[in-house]
Amino acid sequence: MDQVQELIKKMENKTARVAILGLGYVGLPLAVVFAEAGFKVTGIDPIQAKVDQINRGSSYVLDIPGEQVAKLVRSGYLTATSDYSVLKDIDAVSICVPTPLRKTGDPDLSFILAVSDSLKQYVHPGMVIVLESTTYPGTTREMILPRMEESGLKVGRDFFLAFSPERVDPGRKDWTTINTPKVLGGITPACLQVSKAWYGSALKTVVPVSSAEVAEMAKLLENTFRMINIGMVNEMAIMCDRLGVDVWEVIEAAATKPFGYMKFLPGPGLGGHCIPIDPLYLSWKLKTVNYSARFIELASEINTSMPRYTVTKVQDTLNQHKKALNGSKVLVIGVAYKPDIDDLRESPALDIIHLLGQKGAEVSYHDPYIASLRHEDINMESVADLESAVKSADCVVIVTNHSSYDYKKMLADARLIVDARNALGLHGQANDKVVRL
Ligand code: SAJ
């Protein structure tokens with residue numbers, strides 16, 4: 001039996017030994033899905049604290065309950081380590097490491113390259129490798145393939161290599177790792193065949209495509225679509241403001257169209273580790289082929305201008321009440337990058353707090369998910385007594401509309417509110433204490 005058939009057999013009877021490189025919000029749920037499917041899974045992460053926590057049977061990822069990890073660890077289906085040498089006995093590897101941006105705005109592939117340099121020491125005949133980290137088209141073929149072939153092994157014959165974009169939406173309950181359709185593209189047809197047998201044995205729906213590049217590009221289309229539409233609706237908010245029209249009412253009216261329209265909402269900026277970043281991987285790649293991705297550049301410009309636009313709203317609102325921003329008490333409500341999660345990455349609240357401080361405001365914040373803020377020049381704790389903080393603030397600015405807040409009470413207690421998320425809804429529209437984006 002050749003390598004392909006042998007591996008497919010191991011996937012079907014779950015005897016293939018699986019490793020997940022990177023145990024974050026993508027890797028840990030994926031490790032759990034394969035373990036629940038009956039594979040023996042080894043999670044590998046360089047952060048010993050994560051490894052220890054998993055082996056103690058607890059979870060640090062919001063979407064994965066601790067008892068689920070404990071059950072899988074107790075039954076021997078899930079274990080964690082920081083030792084890459086275990087890869088010598090592994091058949092199937094999924095790479096789920098971060099792909100952030102450098103300060104210069106260029107892609108930072110250092111995590112992918114670091115794990116590839118570890119993995120290449122252990123690649124052996126009969127191994128399948130799938131990259132999940134969001135990256136520009138060509139990364140799998142240009143950066144991972146050559147490193148694996150340094151061993152002298154041949155892709156598609158000895159080992160198999162594919163790309164499958166992660167589609168984890170932190171905090172979402174309806175679409176999770178196991179039931180979200182999974183796009184999968186191989187470096188060769190045999191790579192697709194083997195990786196499809198592996199992923200198809202644990203995930204509900206696998207969507208095979210003709211190459212790794214198609215799979216890499218599909219992911220970037222998904223998130224670029226989102227980032228550009230958010231940028232467009234943010235500019236709509238700015239335009240409506242200039243025309244004296246309520247953008248929130250305009251959006252609700254447009255959203256009554258049952259076809260040919262998709263609702264996005266303006267906000268104080270674009271947070272998260274996917275939407276603001278992934279499209280810039282694409283625009284960077286296009287620059288290498290002398291093409292300027294103008295939609296992406298423009299949307300990014302508008303989205304990154306929203307924190308300053310929000311602070312200007314606060315300044316103008318105080319000004320209308322004969323108060324200077326300088327010296328005023330401003331309370332920021334919600335600092336996570338989106339509602340009902342504890343993730344701060346790229347949160348616009350960080351820029352807003354920084355800008356408010358720069359303009360001399362006395363800034364405080366409250367967020368039920370984030371007890372303390374340590375970021376660049378920001379070193380703050382979430383206020384303990386929300387009611388008194390709202391009452392004593394000269395202006396409250398709602399940046400992240402967590403669903404746990406009592407917005408009616410906040411409206412009653414506050415002197416002034418800048419509502420950057422339309423959290424107050426209609427209560428806010430007819431109230432002269434409230435200014436919306
Ligand atoms: N945002 C707006 N207006 C909108 C939607 C979002 O300002 O209409 C802001 C959010 O407040 C946040 C940022 O954009 O700051 C990103 O929000 P998001 O809803 O896109 O949340 P993410 O970053 O968690 O996006 C994830 C993505 N998942 C992956 O990349 C794997 C994205 O592809 C999903 O489409 C998205 O979840 C989702 O559908 O919720």
# chains A, B, ... in the order shown; residues from 1 in each chain; ligands from 1
call {"tool": "select_by_dssp", "arguments": {"residues": "segment 26-272 of chain A", "states": "alpha helix (DSSP H)", "output": "JSON, numbers by chain"}}
result
{"A": [27, 28, 29, 30, 31, 32, 33, 34, 35, 36, 48, 49, 50, 51, 52, 53, 54, 55, 66, 67, 68, 69, 70, 71, 72, 73, 74, 110, 111, 112, 113, 114, 115, 116, 117, 118, 119, 139, 145, 146, 147, 148, 149, 189, 190, 191, 192, 193, 194, 195, 196, 197, 198, 199, 200, 212, 213, 214, 215, 216, 217, 218, 219, 220, 221, 222, 223, 224, 225, 226, 227, 228, 229, 230, 231, 232, 233, 234, 235, 236, 237, 238, 239, 240, 241, 242, 243, 247, 248, 249, 250, 251, 252, 253, 254]}
call {"tool": "residues_around", "arguments": {"residues": "segment 328-334 of chain A", "least_positions_apart": "2", "cutoff": "7 Å", "atoms": "only C-alpha atoms", "output": "mmCIF file with C-alpha atoms, in the first residue's frame"}}
result
data_model
loop_
_atom_site.group_PDB
_atom_site.id
_atom_site.type_symbol
_atom_site.label_atom_id
_atom_site.label_comp_id
_atom_site.auth_asym_id
_atom_site.auth_seq_id
_atom_site.Cartn_x
_atom_site.Cartn_y
_atom_site.Cartn_z
ATOM 1 C CA ALA A 324 -13.124 71.755 27.767
ATOM 2 C CA LEU A 325 -12.012 68.175 27.248
ATOM 3 C CA ASN A 326 -8.840 69.174 29.053
ATOM 4 C CA ALA A 336 -12.529 44.704 24.623
ATOM 5 C CA ALA A 361 -8.879 64.431 30.007
ATOM 6 C CA GLU A 362 -9.058 62.586 33.332
ATOM 7 C CA VAL A 363 -9.734 59.137 31.833
ATOM 8 C CA SER A 364 -11.141 56.054 33.571
ATOM 9 C CA TYR A 365 -12.703 52.895 32.146
ATOM 10 C CA HIS A 366 -15.026 50.041 33.026
ATOM 11 C CA ASP A 367 -15.121 46.618 31.400
ATOM 12 C CA VAL A 390 -21.046 57.134 35.529
ATOM 13 C CA ALA A 393 -18.121 61.598 34.816
ATOM 14 C CA ASP A 394 -18.444 64.787 32.784
ATOM 15 C CA CYS A 395 -18.878 62.535 29.751
ATOM 16 C CA VAL A 396 -19.328 58.780 29.312
ATOM 17 C CA VAL A 397 -18.201 57.276 25.995
ATOM 18 C CA ILE A 398 -19.597 53.853 25.068
ATOM 19 C CA VAL A 399 -16.834 52.171 23.073
ATOM 20 C CA THR A 400 -17.750 48.468 23.430
ATOM 21 C CA ASN A 401 -21.383 47.599 24.002
ATOM 22 C CA HIS A 402 -21.185 44.512 26.226
#
call {"tool": "residues_near_ligand", "arguments": {"ligand": "ligand 1", "cutoff": "9 Å", "atoms": "only C-alpha atoms and all ligand atoms", "output": "ChimeraX atom specification"}}
result
/A:26,134,165-172,219-220,222-224,226-227,229-231,233-234,263-276,278,303,336-339,346-348,399-401,421
call {"tool": "closest_residue", "arguments": {"among": "A:Thr188, A:Gln3, A:Thr256, A:Asn13", "to": "Leu145 of chain A", "atoms": "only C-alpha atoms"}}
result
A:Thr188
call {"tool": "select_by_dssp", "arguments": {"residues": "segment 356-402 of chain A", "states": "strand (DSSP E or B)", "output": "CSV table (one decimal) with N, CA, C and O atoms, in the first residue's frame"}}
result
chain,number,residue,atom,x,y,z
A,362,GLU,N,-9.3,63.5,32.2
A,362,GLU,CA,-9.1,62.6,33.3
A,362,GLU,C,-9.8,61.3,33.0
A,362,GLU,O,-11.0,61.2,33.1
A,363,VAL,N,-9.1,60.3,32.4
A,363,VAL,CA,-9.7,59.1,31.8
A,363,VAL,C,-9.8,58.0,32.8
A,363,VAL,O,-8.9,57.7,33.6
A,364,SER,N,-11.0,57.3,32.9
A,364,SER,CA,-11.1,56.1,33.6
A,364,SER,C,-11.9,55.1,32.6
A,364,SER,O,-12.4,55.6,31.6
A,365,TYR,N,-11.9,53.8,33.0
A,365,TYR,CA,-12.7,52.9,32.1
A,365,TYR,C,-13.4,51.9,33.0
A,365,TYR,O,-13.0,51.6,34.2
A,366,HIS,N,-14.4,51.2,32.4
A,366,HIS,CA,-15.0,50.0,33.0
A,366,HIS,C,-15.2,49.0,31.9
A,366,HIS,O,-15.6,49.3,30.8
A,372,SER,N,-7.9,44.9,34.3
A,372,SER,CA,-6.8,45.9,34.2
A,372,SER,C,-6.3,46.0,32.8
A,372,SER,O,-6.3,45.1,32.0
A,373,LEU,N,-5.8,47.2,32.5
A,373,LEU,CA,-5.2,47.6,31.2
A,373,LEU,C,-3.7,47.9,31.4
A,373,LEU,O,-3.4,48.9,32.1
A,374,ARG,N,-2.9,47.1,30.7
A,374,ARG,CA,-1.4,47.5,30.7
A,374,ARG,C,-1.1,47.5,29.2
A,374,ARG,O,-1.0,46.4,28.6
A,375,HIS,N,-1.0,48.7,28.6
A,375,HIS,CA,-0.7,48.8,27.2
A,375,HIS,C,0.1,50.1,26.9
A,375,HIS,O,-0.4,51.1,27.2
A,378,ILE,N,-0.5,53.1,28.9
A,378,ILE,CA,-1.7,53.0,29.7
A,378,ILE,C,-1.5,52.0,30.8
A,378,ILE,O,-1.0,50.9,30.6
A,379,ASN,N,-1.8,52.4,32.0
A,379,ASN,CA,-1.7,51.5,33.2
A,379,ASN,C,-2.9,51.8,34.1
A,379,ASN,O,-2.8,52.7,34.9
A,380,MET,N,-4.0,51.1,33.9
A,380,MET,CA,-5.3,51.4,34.6
A,380,MET,C,-6.0,50.1,35.1
A,380,MET,O,-5.8,49.1,34.6
A,381,GLU,N,-6.9,50.3,36.0
A,381,GLU,CA,-7.8,49.3,36.5
A,381,GLU,C,-9.2,49.7,36.1
A,381,GLU,O,-9.6,50.9,36.1
A,382,SER,N,-10.0,48.7,35.9
A,382,SER,CA,-11.5,48.9,35.6
A,382,SER,C,-12.1,49.5,36.9
A,382,SER,O,-11.8,49.0,38.0
A,395,CYS,N,-18.4,63.2,31.0
A,395,CYS,CA,-18.9,62.5,29.8
A,395,CYS,C,-18.5,61.0,29.8
A,395,CYS,O,-17.4,60.7,30.2
A,396,VAL,N,-19.5,60.2,29.5
A,396,VAL,CA,-19.3,58.8,29.3
A,396,VAL,C,-19.2,58.5,27.8
A,396,VAL,O,-20.0,59.1,27.0
A,397,VAL,N,-18.3,57.7,27.4
A,397,VAL,CA,-18.2,57.3,26.0
A,397,VAL,C,-18.3,55.8,25.9
A,397,VAL,O,-17.5,55.0,26.5
A,398,ILE,N,-19.4,55.3,25.2
A,398,ILE,CA,-19.6,53.9,25.1
A,398,ILE,C,-18.8,53.4,23.9
A,398,ILE,O,-19.1,53.7,22.7
call {"tool": "closest_residue", "arguments": {"among": "A:Ser118, A:Thr177, A:Gln53, A:Ser283", "to": "Ala31 of chain A", "atoms": "only C-alpha atoms"}}
result
A:Thr177
call {"tool": "atom_distance", "arguments": {"atom1": "atom CA of Val250 of chain A", "atom2": "atom CA of Ala299 of chain A"}}
result
20.4 Å
call {"tool": "closest_residue", "arguments": {"among": "A:Lys40, A:Lys10, A:Arg147, A:Lys313", "to": "Lys120 of chain A", "atoms": "only C-alpha atoms"}}
result
A:Arg147
call {"tool": "closest_residue", "arguments": {"among": "A:Leu184, A:Cys240, A:Ala92, A:Ile44", "to": "Val209 of chain A", "atoms": "only C-alpha atoms"}}
result
A:Leu184
call {"tool": "residues_around", "arguments": {"residues": "Ala414 of chain A", "least_positions_apart": "2", "cutoff": "10 Å", "atoms": "only C-alpha atoms", "output": "PyMOL selection string"}}
result
chain A and resi 387-396+409-412+416-417+433-434
call {"tool": "write_last_selection", "arguments": {"atoms": "N, CA, C and O atoms", "output": "tab-separated table (two decimals), in the first residue's frame"}}
result
chain	number	residue	atom	x	y	z
A	387	GLU	N	-21.69	52.63	38.93
A	387	GLU	CA	-22.75	53.64	39.08
A	387	GLU	C	-22.16	55.00	39.46
A	387	GLU	O	-22.43	56.01	38.81
A	388	SER	N	-21.26	54.99	40.46
A	388	SER	CA	-20.72	56.30	40.89
A	388	SER	C	-19.80	56.87	39.82
A	388	SER	O	-19.75	58.07	39.60
A	389	ALA	N	-19.11	55.97	39.08
A	389	ALA	CA	-18.21	56.48	38.02
A	389	ALA	C	-19.04	57.14	36.91
A	389	ALA	O	-18.67	58.20	36.39
A	390	VAL	N	-20.18	56.53	36.57
A	390	VAL	CA	-21.05	57.13	35.53
A	390	VAL	C	-21.57	58.48	36.02
A	390	VAL	O	-21.54	59.48	35.30
A	391	LYS	N	-22.01	58.52	37.27
A	391	LYS	CA	-22.60	59.75	37.82
A	391	LYS	C	-21.57	60.87	37.92
A	391	LYS	O	-21.90	62.05	37.72
A	392	SER	N	-20.32	60.51	38.20
A	392	SER	CA	-19.33	61.59	38.43
A	392	SER	C	-18.60	61.98	37.14
A	392	SER	O	-17.89	62.99	37.13
A	393	ALA	N	-18.83	61.25	36.06
A	393	ALA	CA	-18.12	61.60	34.82
A	393	ALA	C	-18.75	62.83	34.16
A	393	ALA	O	-19.98	62.98	34.16
A	394	ASP	N	-17.91	63.67	33.57
A	394	ASP	CA	-18.44	64.79	32.78
A	394	ASP	C	-19.01	64.26	31.47
A	394	ASP	O	-19.96	64.79	30.92
A	395	CYS	N	-18.37	63.16	30.98
A	395	CYS	CA	-18.88	62.54	29.75
A	395	CYS	C	-18.54	61.04	29.79
A	395	CYS	O	-17.42	60.67	30.16
A	396	VAL	N	-19.53	60.23	29.45
A	396	VAL	CA	-19.33	58.78	29.31
A	396	VAL	C	-19.23	58.49	27.82
A	396	VAL	O	-19.99	59.06	27.03
A	409	LYS	N	-30.28	52.54	32.75
A	409	LYS	CA	-29.78	53.12	34.01
A	409	LYS	C	-28.61	54.05	33.72
A	409	LYS	O	-28.54	55.16	34.22
A	410	MET	N	-27.74	53.60	32.80
A	410	MET	CA	-26.58	54.42	32.44
A	410	MET	C	-27.06	55.76	31.86
A	410	MET	O	-26.55	56.82	32.22
A	411	LEU	N	-28.10	55.70	31.03
A	411	LEU	CA	-28.65	56.92	30.44
A	411	LEU	C	-29.23	57.83	31.54
A	411	LEU	O	-29.00	59.04	31.55
A	412	ALA	N	-29.89	57.24	32.51
A	412	ALA	CA	-30.49	58.04	33.59
A	412	ALA	C	-29.41	58.68	34.47
A	412	ALA	O	-29.52	59.82	34.87
A	416	LEU	N	-23.57	63.29	30.38
A	416	LEU	CA	-23.47	63.29	28.91
A	416	LEU	C	-22.99	61.92	28.45
A	416	LEU	O	-22.16	61.30	29.14
A	417	ILE	N	-23.47	61.48	27.30
A	417	ILE	CA	-23.00	60.18	26.75
A	417	ILE	C	-22.68	60.35	25.27
A	417	ILE	O	-23.50	60.88	24.51
A	433	LYS	N	-28.98	64.38	26.10
A	433	LYS	CA	-27.72	64.06	26.82
A	433	LYS	C	-26.83	63.18	25.95
A	433	LYS	O	-25.69	62.93	26.26
A	434	VAL	N	-27.42	62.66	24.86
A	434	VAL	CA	-26.72	61.62	24.09
A	434	VAL	C	-26.32	62.14	22.70
A	434	VAL	O	-27.11	62.78	22.01
call {"tool": "residues_around", "arguments": {"residues": "Glu132 of chain A", "least_positions_apart": "4", "cutoff": "9 Å", "atoms": "only C-alpha atoms", "output": "JSON, numbers by chain"}}
result
{"A": [26, 27, 94, 95, 96, 97, 162, 163, 164, 165, 166]}
call {"tool": "write_last_selection", "arguments": {"atoms": "N, CA, C and O atoms", "output": "compact mmCIF listing (two decimals), in the first residue's frame"}}
result
# COMPACT_ATOMS: atom_id res chain seq x y z
N VAL A 26 -7.36 29.28 18.24
CA VAL A 26 -7.62 28.40 17.08
C VAL A 26 -7.14 26.98 17.39
O VAL A 26 -7.88 26.00 17.25
N GLY A 27 -5.90 26.88 17.89
CA GLY A 27 -5.27 25.56 18.08
C GLY A 27 -5.92 24.71 19.14
O GLY A 27 -6.14 23.51 18.93
N SER A 94 -1.06 20.13 12.47
CA SER A 94 -1.76 21.35 12.06
C SER A 94 -1.06 22.55 12.70
O SER A 94 -0.81 22.54 13.91
N ILE A 95 -0.71 23.54 11.90
CA ILE A 95 0.03 24.72 12.40
C ILE A 95 -0.95 25.87 12.62
O ILE A 95 -1.56 26.37 11.67
N CYS A 96 -1.08 26.27 13.89
CA CYS A 96 -2.06 27.33 14.26
C CYS A 96 -1.33 28.41 15.06
O CYS A 96 -1.61 28.60 16.26
N VAL A 97 -0.40 29.08 14.41
CA VAL A 97 0.37 30.11 15.14
C VAL A 97 -0.03 31.50 14.63
O VAL A 97 -0.58 31.63 13.54
N ALA A 162 -0.76 21.08 2.98
CA ALA A 162 -1.98 21.79 2.55
C ALA A 162 -2.18 23.04 3.38
O ALA A 162 -1.48 23.27 4.37
N PHE A 163 -3.16 23.86 2.94
CA PHE A 163 -3.56 25.05 3.71
C PHE A 163 -5.06 24.99 3.97
O PHE A 163 -5.84 24.65 3.07
N SER A 164 -5.44 25.31 5.20
CA SER A 164 -6.87 25.35 5.54
C SER A 164 -7.11 26.52 6.48
O SER A 164 -6.67 26.51 7.62
N PRO A 165 -7.76 27.59 6.00
CA PRO A 165 -7.91 28.80 6.83
C PRO A 165 -8.77 28.56 8.05
O PRO A 165 -9.81 27.90 7.97
N GLU A 166 -8.31 29.12 9.20
CA GLU A 166 -9.13 29.03 10.41
C GLU A 166 -10.31 29.99 10.25
O GLU A 166 -10.17 31.05 9.67
call {"tool": "residues_around", "arguments": {"residues": "Met127 of chain A", "least_positions_apart": "3", "cutoff": "12 Å", "atoms": "only C-alpha atoms", "output": "PyMOL selection string"}}
result
chain A and resi 3-4+6-8+10-11+16-19+87-94+119-120+122-124+130+148+153-162+191+194-195+198
